[in-house]
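Below is one structure; the comments refer to it alone.
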Amino acid sequence: MAAPSDTTSSRRDVLGAASVAVASGAVALAAWPVGRYLAAPGLRTAHAPSRVEVCADAQLAPGQMRLARAADATIAVLRRHDGSLVAFVASCTHLGCTVRFRADRDDLHCGCHGATFDPVTGAPRSGPAVSPLGSIPVEVRDGRIFVGT
Ligand code: FES
């Protein structure tokens, strides 16, 4: 059996280790949103994903948007009212929520905190986002829409 001073020391060690673990968890939990915020601008400069087929050209009417999954990014492909196609990384540059095309307002909108982006350039128009959405190459080949390179 251990001497009383050894038991006290052992309890202190266990409590000390538990306190450090709890404090580390709290710091990590508090730092996550900050890290996510700081990481978000990287999304706008994401390299173009490998070429991915989105859908048939005829399946994307003016004013509509499709989401495509490419590598580690979600891509928003939209056809504007003039028939032109554009594609962006769909992750809002504020904190990463997925943006949606609002054809009636001619913008890309993030429902999380209300950021809006220009649907031609990806530049932020309003809300907390200050960085543009990353532009992705898009083309129609043999009647199919492709994004990436
Ligand atoms: S995550 Fe889009 S506005 Fe905050």
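Labels for the structure tokens follow display order: chains A, B, ..., residues from 1 in each chain, ligands from 1.
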Checklist entry - What residues have any atom no more than 7 Å from ligand 1 when counting only C-alpha atoms and all ligand atoms, and can you list them as an NGL selection string? => result :A and (92-97 or 110-115 or 127-129)
Since we have the selection now, will you write its residues out, keeping C-alpha atoms, as a PDB file, in the first residue's frame?
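Final output, saved to selection_39.pdb:
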```
ATOM      1  CA  CYS A  92     -18.859  31.332 -48.703  1.00  0.00           C
ATOM      2  CA  THR A  93     -15.600  33.123 -47.978  1.00  0.00           C
ATOM      3  CA  HIS A  94     -16.900  34.257 -44.599  1.00  0.00           C
ATOM      4  CA  LEU A  95     -17.180  30.950 -42.741  1.00  0.00           C
ATOM      5  CA  GLY A  96     -17.736  28.381 -45.454  1.00  0.00           C
ATOM      6  CA  CYS A  97     -21.496  27.852 -45.775  1.00  0.00           C
ATOM      7  CA  CYS A 110     -25.172  32.796 -48.245  1.00  0.00           C
ATOM      8  CA  GLY A 111     -27.999  32.001 -45.863  1.00  0.00           C
ATOM      9  CA  CYS A 112     -25.762  31.719 -42.803  1.00  0.00           C
ATOM     10  CA  HIS A 113     -24.973  35.394 -42.231  1.00  0.00           C
ATOM     11  CA  GLY A 114     -26.387  37.053 -45.328  1.00  0.00           C
ATOM     12  CA  ALA A 115     -23.353  37.629 -47.527  1.00  0.00           C
ATOM     13  CA  GLY A 127     -22.623  41.062 -45.685  1.00  0.00           C
ATOM     14  CA  PRO A 128     -19.648  39.911 -43.668  1.00  0.00           C
ATOM     15  CA  ALA A 129     -17.670  38.258 -46.477  1.00  0.00           C
TER      16      ALA A 129
END
```
For Met65 (chain A), please output as a ChimeraX atom specification all residues within 9 Å (counting only C-alpha atoms; exclusion window: fewer than 6 positions along the same chain).
/A:76-80,100-103
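CA of Asp57 (chain A) sits 5.0 Å away from CA of Arg144 (chain A).
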Excluding Val147 (chain A) and its own-chain neighbours fewer than 5 positions away, which residues fall within 10 Å of it when counting only C-alpha atoms? Please give them as a PyMOL selection string. chain A and resi 48-54+68-70+75-77+86-88+136-140
#### Entry: Separation of CA of Val130 (chain A) from CA of His81 (chain A), in Å and rounded to one decimal
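Here the two named atoms are 25.9 Å from each other.
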Give me, please, the distance in Å between CA of Gly143 (chain A) and CA of Leu60 (chain A), quoted to one decimal.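 Between CA of Gly143 (chain A) and CA of Leu60 (chain A) the gap works out to 11.2 Å.
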Using DSSP secondary structure from the backbone, list all strand (DSSP E) positions within region 75-104 of chain A, as a VMD selection string. chain A and resid 75 to 79 85 to 89 99 to 102
